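Enquirer: Just model-v1.pdb, nothing more (PDB, C-alpha atoms):
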ATOM      1  CA  MET A   1     -23.187   3.615  -1.896
ATOM      2  CA  PRO A   2     -23.774  -0.026  -2.960
ATOM      3  CA  THR A   3     -23.923  -2.566  -0.134
ATOM      4  CA  ARG A   4     -20.739  -4.299  -1.222
ATOM      5  CA  GLU A   5     -18.807  -1.031  -1.183
ATOM      6  CA  ARG A   6     -20.194  -0.154   2.238
ATOM      7  CA  MET A   7     -18.979  -3.507   3.503
ATOM      8  CA  VAL A   8     -15.487  -2.968   2.103
ATOM      9  CA  ALA A   9     -15.398   0.501   3.660
ATOM     10  CA  ALA A  10     -16.397  -0.929   7.041
ATOM     11  CA  ALA A  11     -13.784  -3.666   6.761
ATOM     12  CA  TRP A  12     -11.194  -1.033   5.851
ATOM     13  CA  GLU A  13     -11.969   0.826   9.062
ATOM     14  CA  LEU A  14     -11.867  -2.336  11.162
ATOM     15  CA  LEU A  15      -8.515  -3.305   9.698
ATOM     16  CA  GLY A  16      -7.110   0.091  10.587
ATOM     17  CA  GLU A  17      -8.446  -0.177  14.122
ATOM     18  CA  GLY A  18      -7.275  -3.658  15.014
ATOM     19  CA  GLY A  19      -5.609  -5.462  12.124
ATOM     20  CA  PRO A  20      -6.966  -8.474  10.202
ATOM     21  CA  ASP A  21      -8.211 -10.205  13.363
ATOM     22  CA  ALA A  22     -10.634  -7.328  13.933
ATOM     23  CA  VAL A  23     -12.313  -7.877  10.555
ATOM     24  CA  THR A  24     -15.262 -10.252  10.740
ATOM     25  CA  LEU A  25     -18.288 -10.550   8.514
ATOM     26  CA  ARG A  26     -20.506 -10.275  11.568
ATOM     27  CA  GLU A  27     -18.972  -6.974  12.702
ATOM     28  CA  VAL A  28     -18.966  -5.605   9.154
ATOM     29  CA  GLY A  29     -22.640  -6.520   8.897
ATOM     30  CA  ARG A  30     -23.384  -4.825  12.195
ATOM     31  CA  ARG A  31     -21.614  -1.624  11.175
ATOM     32  CA  THR A  32     -23.424  -1.480   7.863
ATOM     33  CA  GLY A  33     -26.815  -2.317   9.347
ATOM     34  CA  LEU A  34     -27.144  -5.690   7.634
ATOM     35  CA  SER A  35     -28.591  -8.935   8.926
ATOM     36  CA  ARG A  36     -26.241 -11.714  10.020
ATOM     37  CA  THR A  37     -26.678 -13.591   6.750
ATOM     38  CA  ALA A  38     -26.653 -10.608   4.353
ATOM     39  CA  PRO A  39     -22.831 -10.266   4.149
ATOM     40  CA  TYR A  40     -22.580 -13.780   2.730
ATOM     41  CA  ARG A  41     -24.535 -12.677  -0.317
ATOM     42  CA  HIS A  42     -21.582 -10.474  -1.232
ATOM     43  CA  PHE A  43     -18.550 -12.342   0.121
ATOM     44  CA  GLN A  44     -17.940 -16.056   0.546
ATOM     45  CA  ASP A  45     -15.998 -15.659   3.775
ATOM     46  CA  LYS A  46     -13.638 -13.390   5.682
ATOM     47  CA  ASP A  47     -10.740 -14.071   3.295
ATOM     48  CA  ASP A  48     -12.891 -13.019   0.367
ATOM     49  CA  LEU A  49     -13.683  -9.741   2.129
ATOM     50  CA  LEU A  50     -10.062  -9.123   3.090
ATOM     51  CA  ARG A  51      -8.975  -9.688  -0.509
ATOM     52  CA  ALA A  52     -11.324  -6.891  -1.539
ATOM     53  CA  VAL A  53      -9.794  -4.651   1.142
ATOM     54  CA  ALA A  54      -6.288  -5.518  -0.066
ATOM     55  CA  VAL A  55      -7.266  -4.623  -3.638
ATOM     56  CA  ARG A  56      -8.496  -1.258  -2.402
ATOM     57  CA  ALA A  57      -5.248  -0.710  -0.496
ATOM     58  CA  PHE A  58      -3.096  -1.358  -3.567
ATOM     59  CA  GLU A  59      -5.340   0.911  -5.626
ATOM     60  CA  ARG A  60      -5.167   3.729  -3.097
ATOM     61  CA  LEU A  61      -1.391   3.500  -2.821
ATOM     62  CA  HIS A  62      -1.139   3.484  -6.616
ATOM     63  CA  ASP A  63      -3.355   6.568  -6.887
ATOM     64  CA  ARG A  64      -1.413   8.374  -4.191
ATOM     65  CA  MET A  65       1.865   7.729  -5.984
ATOM     66  CA  ARG A  66       0.330   8.554  -9.369
ATOM     67  CA  ASP A  67      -0.922  11.907  -8.060
ATOM     68  CA  ALA A  68       2.549  12.734  -6.758
ATOM     69  CA  VAL A  69       4.120  11.860 -10.106
ATOM     70  CA  ASP A  70       1.573  13.913 -12.049
ATOM     71  CA  ALA A  71       2.164  16.936  -9.816
ATOM     72  CA  ALA A  72       5.950  16.867 -10.335
ATOM     73  CA  ASP A  73       7.767  19.387 -12.516
ATOM     74  CA  ASP A  74      10.621  17.109 -13.551
ATOM     75  CA  PRO A  75      11.555  13.389 -13.563
ATOM     76  CA  ALA A  76      13.697  13.560 -10.431
ATOM     77  CA  GLN A  77      10.905  15.287  -8.555
ATOM     78  CA  ALA A  78       8.479  12.662  -9.867
ATOM     79  CA  LEU A  79      10.600   9.864  -8.421
ATOM     80  CA  ARG A  80      11.022  11.716  -5.165
ATOM     81  CA  GLY A  81       7.296  12.367  -4.963
ATOM     82  CA  ALA A  82       6.425   8.737  -5.673
ATOM     83  CA  CYS A  83       8.803   7.578  -2.933
ATOM     84  CA  ARG A  84       7.415  10.041  -0.415
ATOM     85  CA  ALA A  85       3.860   9.045  -1.292
ATOM     86  CA  TYR A  86       4.749   5.387  -0.733
ATOM     87  CA  VAL A  87       6.282   6.037   2.671
ATOM     88  CA  GLY A  88       3.485   8.431   3.613
ATOM     89  CA  PHE A  89       0.807   5.862   2.850
ATOM     90  CA  ALA A  90       2.601   3.212   4.896
ATOM     91  CA  LEU A  91       2.922   5.502   7.911
ATOM     92  CA  ASP A  92      -0.678   6.679   7.633
ATOM     93  CA  GLN A  93      -2.094   3.163   7.154
ATOM     94  CA  PRO A  94       0.370   0.853   8.935
ATOM     95  CA  ARG A  95      -1.969  -2.118   9.418
ATOM     96  CA  HIS A  96      -3.115  -1.979   5.794
ATOM     97  CA  TYR A  97       0.498  -1.773   4.640
ATOM     98  CA  ARG A  98       1.558  -4.751   6.735
ATOM     99  CA  MET A  99      -1.248  -6.831   5.272
ATOM    100  CA  MET A 100      -0.468  -5.754   1.693
ATOM    101  CA  PHE A 101       3.107  -6.943   1.905
ATOM    102  CA  GLY A 102       2.668  -9.828   4.307
ATOM    103  CA  ASP A 103       2.521 -13.575   3.796
ATOM    104  CA  TRP A 104      -1.266 -13.695   3.672
ATOM    105  CA  VAL A 105      -1.587 -11.460   0.611
ATOM    106  CA  LEU A 106       1.273 -13.275  -1.070
ATOM    107  CA  ALA A 107      -0.613 -16.553  -0.705
ATOM    108  CA  GLN A 108      -3.890 -14.985  -1.820
ATOM    109  CA  LYS A 109      -2.327 -13.605  -4.997
ATOM    110  CA  HIS A 110      -1.542 -17.160  -6.079
ATOM    111  CA  ALA A 111      -4.935 -18.598  -5.155
ATOM    112  CA  GLU A 112      -7.752 -19.258  -7.585
ATOM    113  CA  GLY A 113     -10.854 -17.148  -8.124
ATOM    114  CA  PRO A 114     -11.805 -13.676  -9.409
ATOM    115  CA  GLN A 115     -10.827 -11.851  -6.217
ATOM    116  CA  SER A 116      -7.309 -13.290  -6.378
ATOM    117  CA  GLY A 117      -7.055 -12.190 -10.000
ATOM    118  CA  SER A 118      -8.097  -8.664  -9.051
ATOM    119  CA  LEU A 119      -5.535  -8.667  -6.258
ATOM    120  CA  ARG A 120      -2.738  -9.709  -8.618
ATOM    121  CA  GLU A 121      -3.752  -7.044 -11.118
ATOM    122  CA  ALA A 122      -3.812  -4.305  -8.486
ATOM    123  CA  ALA A 123      -0.387  -5.289  -7.155
ATOM    124  CA  ASP A 124       1.104  -5.574 -10.646
ATOM    125  CA  ARG A 125      -0.289  -2.160 -11.557
ATOM    126  CA  LEU A 126       1.441  -0.644  -8.550
ATOM    127  CA  PHE A 127       4.750  -2.320  -9.346
ATOM    128  CA  GLY A 128       4.383  -1.241 -12.969
ATOM    129  CA  LEU A 129       4.015   2.372 -11.942
ATOM    130  CA  ALA A 130       7.297   2.230 -10.059
ATOM    131  CA  ALA A 131       9.131   0.917 -13.124
ATOM    132  CA  THR A 132       7.472   3.516 -15.362
ATOM    133  CA  VAL A 133       8.703   6.375 -13.173
ATOM    134  CA  ILE A 134      12.270   5.070 -13.451
ATOM    135  CA  GLN A 135      12.014   4.578 -17.213
ATOM    136  CA  SER A 136      10.578   8.045 -17.759
ATOM    137  CA  GLY A 137      13.453   9.565 -15.815
ATOM    138  CA  GLN A 138      15.978   7.645 -17.887
ATOM    139  CA  ARG A 139      14.393   8.684 -21.180
ATOM    140  CA  ALA A 140      14.522  12.310 -20.046
ATOM    141  CA  GLY A 141      18.200  11.952 -19.155
ATOM    142  CA  ALA A 142      17.547  12.783 -15.509
ATOM    143  CA  LEU A 143      18.303   9.297 -14.164
ATOM    144  CA  ARG A 144      21.368   7.252 -14.977
ATOM    145  CA  THR A 145      21.247   4.399 -17.428
ATOM    146  CA  GLY A 146      20.798   0.834 -16.271
ATOM    147  CA  ASP A 147      18.174  -1.840 -16.024
ATOM    148  CA  PRO A 148      14.996  -0.035 -14.880
ATOM    149  CA  SER A 149      13.710  -3.241 -13.303
ATOM    150  CA  ASP A 150      16.840  -3.492 -11.164
ATOM    151  CA  PHE A 151      16.603   0.171 -10.168
ATOM    152  CA  SER A 152      12.925  -0.236  -9.326
ATOM    153  CA  LEU A 153      13.643  -3.287  -7.178
ATOM    154  CA  LEU A 154      16.478  -1.551  -5.348
ATOM    155  CA  THR A 155      14.403   1.559  -4.728
ATOM    156  CA  TRP A 156      11.387  -0.459  -3.599
ATOM    157  CA  SER A 157      13.535  -2.584  -1.297
ATOM    158  CA  PHE A 158      14.972   0.537   0.287
ATOM    159  CA  LEU A 159      11.530   2.042   0.847
ATOM    160  CA  HIS A 160      10.099  -1.183   2.245
ATOM    161  CA  GLY A 161      13.033  -1.599   4.594
ATOM    162  CA  LEU A 162      12.758   2.000   5.725
ATOM    163  CA  VAL A 163       9.046   1.611   6.375
ATOM    164  CA  THR A 164       9.485  -1.723   8.151
ATOM    165  CA  PHE A 165      12.136  -0.351  10.490
ATOM    166  CA  THR A 166      10.029   2.725  11.155
ATOM    167  CA  LEU A 167       6.809   0.863  11.918
ATOM    168  CA  SER A 168       8.657  -1.493  14.251
ATOM    169  CA  ALA A 169      10.125   1.576  16.031
ATOM    170  CA  HIS A 170      13.720   0.502  15.359
ATOM    171  CA  LEU A 171      14.375   3.871  13.712
ATOM    172  CA  ASN A 172      11.973   5.838  15.851
ATOM    173  CA  ALA A 173      12.148   4.499  19.384
ATOM    174  CA  ASP A 174      11.254   7.842  20.971
ATOM    175  CA  SER A 175       7.921   8.328  19.174
ATOM    176  CA  GLY A 176       6.476   4.829  19.291
ATOM    177  CA  ALA A 177       5.877   2.271  16.560
ATOM    178  CA  GLY A 178       3.985   3.591  13.609
ATOM    179  CA  GLU A 179       3.764   7.132  15.016
ATOM    180  CA  PRO A 180       6.856   9.025  13.829
ATOM    181  CA  GLY A 181       6.791  12.716  14.589
ATOM    182  CA  GLY A 182       7.342  15.608  12.197
ATOM    183  CA  GLU A 183      11.089  15.768  12.704
ATOM    184  CA  PHE A 184      11.427  12.077  11.983
ATOM    185  CA  ARG A 185       9.393  12.397   8.798
ATOM    186  CA  GLU A 186      11.801  15.100   7.706
ATOM    187  CA  ALA A 187      14.627  12.642   8.282
ATOM    188  CA  LEU A 188      12.846  10.089   6.091
ATOM    189  CA  ASP A 189      12.560  12.731   3.371
ATOM    190  CA  ARG A 190      16.300  13.324   3.542
ATOM    191  CA  LEU A 191      16.980   9.609   3.125
ATOM    192  CA  ILE A 192      14.665   9.500   0.105
ATOM    193  CA  ASP A 193      16.546  12.466  -1.361
ATOM    194  CA  GLU A 194      19.785  10.500  -1.028
ATOM    195  CA  VAL A 195      18.311   7.574  -2.984
ATOM    196  CA  VAL A 196      17.064   9.866  -5.750
ATOM    197  CA  HIS A 197      20.449  11.561  -5.860
ATOM    198  CA  GLY A 198      22.124   8.181  -6.215
ATOM    199  CA  LEU A 199      20.041   7.435  -9.307
ATOM    200  CA  ALA A 200      20.629  10.837 -10.892
ATOM    201  CA  ALA A 201      22.426  10.961 -14.220
TER     202      ALA A 201
END
As structure tokens, how would this structure be written, given the file I've shared?

Expert:
Amino acid sequence: MPTRERMVAAAWELLGEGGPDAVTLREVGRRTGLSRTAPYRHFQDKDDLLRAVAVRAFERLHDRMRDAVDAADDPAQALRGACRAYVGFALDQPRHYRMMFGDWVLAQKHAEGPQSGSLREAADRLFGLAATVIQSGQRAGALRTGDPSDFSLLTWSFLHGLVTFTLSAHLNADSGAGEPGGEFREALDRLIDEVVHGLAA
């Protein structure tokens, strides 16, 4: 694996263990067996490294949703699968999810430089997939007519709110923040089913 990729992988692990504060170029260098100065040959600073991690997070969420859509037998199942994949990723990678949709990434998307451009592209690709799933369902007659952008925004807002409440333990006080048990995940699936049903033609 190229050095840069090994560094991103190490930063990914550190982020999952302790959030953005746990990610430092020095610790990433130590975990990858590099000298103290070697990481700076690949990344300008910590923000540059975290942008690369954020790009990977958006790409992995996109691929997870894409796989769920491709495995579906019908448009409604595709939408349901994409929603479940979104929620599943957020619950499996809570610190990555919080960073992806937090203020820091929002600011980085509007910054200058190639890494910021890659971050915008990865986020836009994910949002585009959500709209495509809605549009495909409408063309097939499985989802009701209406502005697909509006439907995508409403669906995304629901999922983000559901995830946010879950990770903060407001909906899952018995299991602990970010650690919902099997029964609670089943409840989340039922709520997703209700949203899909509401969009059905």

Enquirer: I'd like the residues picked by the PyMOL selection byres ((chain A and resi 38) around 12) written out as a list in words, using the chain letters and numbers from the file.

Expert: Thr3, Arg4, Met7, Leu25, Arg26, Glu27, Val28, Gly29, Arg30, Thr32, Gly33, Leu34, Ser35, Arg36, Thr37, Pro39, Tyr40, Arg41, His42, Phe43, Gln44 and Asp45 of chain A

Enquirer: Name the residues that the PyMOL selection byres ((chain A and resi 163) around 12) pulls out of this structure, and write them as a PyMOL selection string.

Expert: chain A and resi 83-94+97-98+101+156-162+164-172+177-180+185+188+191-192

Enquirer: If I take atom CA of A:Gly102 and atom CA of A:Val69, how far is one from the other in Å, to one decimal?

Expert: 26.1 Å

Enquirer: Do you have the atom CA of A:Lys109-atom CA of A:His62 distance handy?

Expert: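 Distance between the two atoms: 17.2 Å.
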
Enquirer: Which residue is closest to A:Thr145? Choose from A:Arg31, A:Met65, A:Gly198, A:Glu5 and count all atoms listed in the file.

Expert: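 Residue with the minimum atom-to-atom distance to A:Thr145: A:Gly198.
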
Enquirer: Given the file above and the PyMOL selection byres ((chain A and resi 135) around 12), which residues are selected, and can you give them as a count of residues only?

Expert: 29

Enquirer: Which residue is closest to A:Ala123? Choose from A:Arg66, A:Arg95, A:Arg80, A:Arg56 and count only C-alpha atoms.

Expert: A:Arg56

Enquirer: Ranking A:Phe127, A:Gln108, A:Gly16, A:Thr155 by minimum distance to A:His197 and counting all atoms listed in the file, which one comes first?

Expert: A:Thr155

Enquirer: To one decimal in Å, tell me the separation between atom CA of A:Gln115 and atom CA of A:Arg51.

Expert: 6.4 Å

Enquirer: Which residue out of A:Ser116, A:Glu17, A:Asp63, A:Pro2 has the minimum interatomic distance to A:Leu49 when all atoms listed in the file are used?

Expert: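 Comparing A:Ser116, A:Glu17, A:Asp63, A:Pro2 against A:Leu49, the winner is A:Ser116.
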
Enquirer: Tell me which of A:Gly19, A:Asp48, A:Ala10, A:Glu194 sits closest to A:Ser118, counting all atoms listed in the file.

Expert: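 Looking at the shortest contact to A:Ser118, the residue is A:Asp48.
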
Enquirer: Which residue, A:Ala52, A:Met1, A:Ala68, A:Ala201, has the smallest gap to A:Met100 when you use only C-alpha atoms?

Expert: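 Comparing A:Ala52, A:Met1, A:Ala68, A:Ala201 against A:Met100, the winner is A:Ala52.
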
Enquirer: Would you save stretch 15-33 of chain A from the block above with C-alpha atoms, as an mmCIF file, in the first residue's frame?

Expert:
data_model
loop_
_atom_site.group_PDB
_atom_site.id
_atom_site.type_symbol
_atom_site.label_atom_id
_atom_site.label_comp_id
_atom_site.auth_asym_id
_atom_site.auth_seq_id
_atom_site.Cartn_x
_atom_site.Cartn_y
_atom_site.Cartn_z
ATOM 1 C CA LEU A 15 -10.546 9.236 14.180
ATOM 2 C CA GLY A 16 -12.689 6.247 15.056
ATOM 3 C CA GLU A 17 -10.869 5.788 18.347
ATOM 4 C CA GLY A 18 -10.918 9.341 19.636
ATOM 5 C CA GLY A 19 -12.403 11.807 17.167
ATOM 6 C CA PRO A 20 -10.548 14.548 15.256
ATOM 7 C CA ASP A 21 -8.467 15.556 18.287
ATOM 8 C CA ALA A 22 -6.864 12.106 18.281
ATOM 9 C CA VAL A 23 -5.568 12.551 14.724
ATOM 10 C CA THR A 24 -2.086 14.047 14.598
ATOM 11 C CA LEU A 25 0.579 13.782 11.948
ATOM 12 C CA ARG A 26 3.027 12.623 14.591
ATOM 13 C CA GLU A 27 0.819 9.732 15.735
ATOM 14 C CA VAL A 28 -0.034 8.791 12.151
ATOM 15 C CA GLY A 29 3.682 8.743 11.380
ATOM 16 C CA ARG A 30 4.372 6.578 14.403
ATOM 17 C CA ARG A 31 1.677 4.070 13.468
ATOM 18 C CA THR A 32 2.919 3.809 9.910
ATOM 19 C CA GLY A 33 6.577 3.578 10.894
#
